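**Student:** Below you will find the structure I want to go over with you.
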Amino acid sequence: MGLLVRIIRNFATEEPFLFLTNNLHSRLSGLEGELFGPELRYEFWENLSFIAKADLQIQSSSEGVSSGVNDAVREEIEELLEKKDMDTLKKMNAEVSETLQSGGEIDVEYWEVVLDRVKYYVARARVDQINASFVDYKERHGHKGAVMEGSAEMSELEKEEEMIKGESKKGMGENEEKFNEEVNLDKKYAWNDKYKPRKPKYFNRVHTGYEWNKYNQTHYDHDNPPPKTVQGYKFNIFYPDLIDKSKAPGFKIQKTDNPDVCILRFVAGPPYEDIAFKIVNREWEHSHKKGFKCTFERGIFHLWVNFKRMRYRR
């Protein structure tokens, strides 16, 4: 049985990079040709191949990752990176690359090793993300251990991936950054027996800026600005497989013990769970001219809100 077939059969039941590592001695050296066939065009295989080759290089080298660092330093690098999330790793990748390009008196060998390992952990994180999507699909469709046939399953997963990529390609506006302050929900649904609840994916942004009210104008200036405050949010929640497409998703606001914070909860319908976020509790602008948007288009629920400007009272 080919290694590729065994990977697919173990897919979603064993972490892919662990499965590869366990099979390094037998077939890993011949893996690259199998992975890059025309039918396997997905990002998953590219990252998995990168991981496999990196692990093979470590296995075949008595000096480990690099002769430029000793074992103790190498362990520190691994310990630093292994628990970082994707966003942090990407940021580190940019920072380390900039350090190497800047020149100056730096330990080039050390930073090259760090960059190689950052790229390795970025690839692992991406494989984990894609594999989690497959696990979710298989659990929802009741055949977790089955061999992937490809077409229907991949098309559904690709829809979600394309939605995320499409939104992320728009980039960030001025003073915007990603927002993912989720609130854990514990709820059972009337349709649990018919459909397995599934958390929707999303790509949200938070907009921050300075409030130049009378108080801040008096106590601050542009050289010494006031603390930034949240000005608004852009929520983009993905529901590509909503069963009842005639009924648009909605939202509701729930109070918390903290008057400055509230819970924004999105509600759709099967097969999607509710999803909620902790946001600043301020009055919204409801004018489209001031950025308000609440639409459900092509499987994406958009809720964009800006806050009304705070007035300073003596």
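Identifiers for the structure tokens are assigned positionally: chains receive A, B, ... in sequence, residues are indexed from 1 per chain, and ligands are indexed from 1 in the order shown.
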Need the shell around Phe50 in chain A: protein/DNA/RNA residues with any atom at most 10 Å away, counting only C-alpha atoms. Skip same-chain ones fewer than 4 positions apart. Format as a VMD selection string?
**Tutor:** chain A and resid 32 45 to 46 54 to 56 119 to 120 123 to 124
**Student:** Leaving out range 179-188 of chain A and any residue of its chain fewer than 4 positions from it, which residues lie within 12 Å of it when counting only C-alpha atoms, given as a ChimeraX atom specification?
**Tutor:** /A:87,172,192-193,195-208,230,232-237,254,256,261-267,270,272-280
**Student:** Between A:Ile58, A:Lys308, A:Asp260, A:Lys84, which is the closest to His286 in chain A once you count only C-alpha atoms?
**Tutor:** A:Lys308
**Student:** What is the CA of Ile243 in chain A-CA of Ala268 in chain A distance in Å, reported with one decimal?
**Tutor:**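 Distance reported for this atom pair: 9.7 Å.
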**Student:** If you measure from CA of Glu283 in chain A to CA of Asn258 in chain A, what distance in Å do you get, rounded to one decimal?
**Tutor:**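 Separation between CA of Glu283 in chain A and CA of Asn258 in chain A: 15.5 Å.
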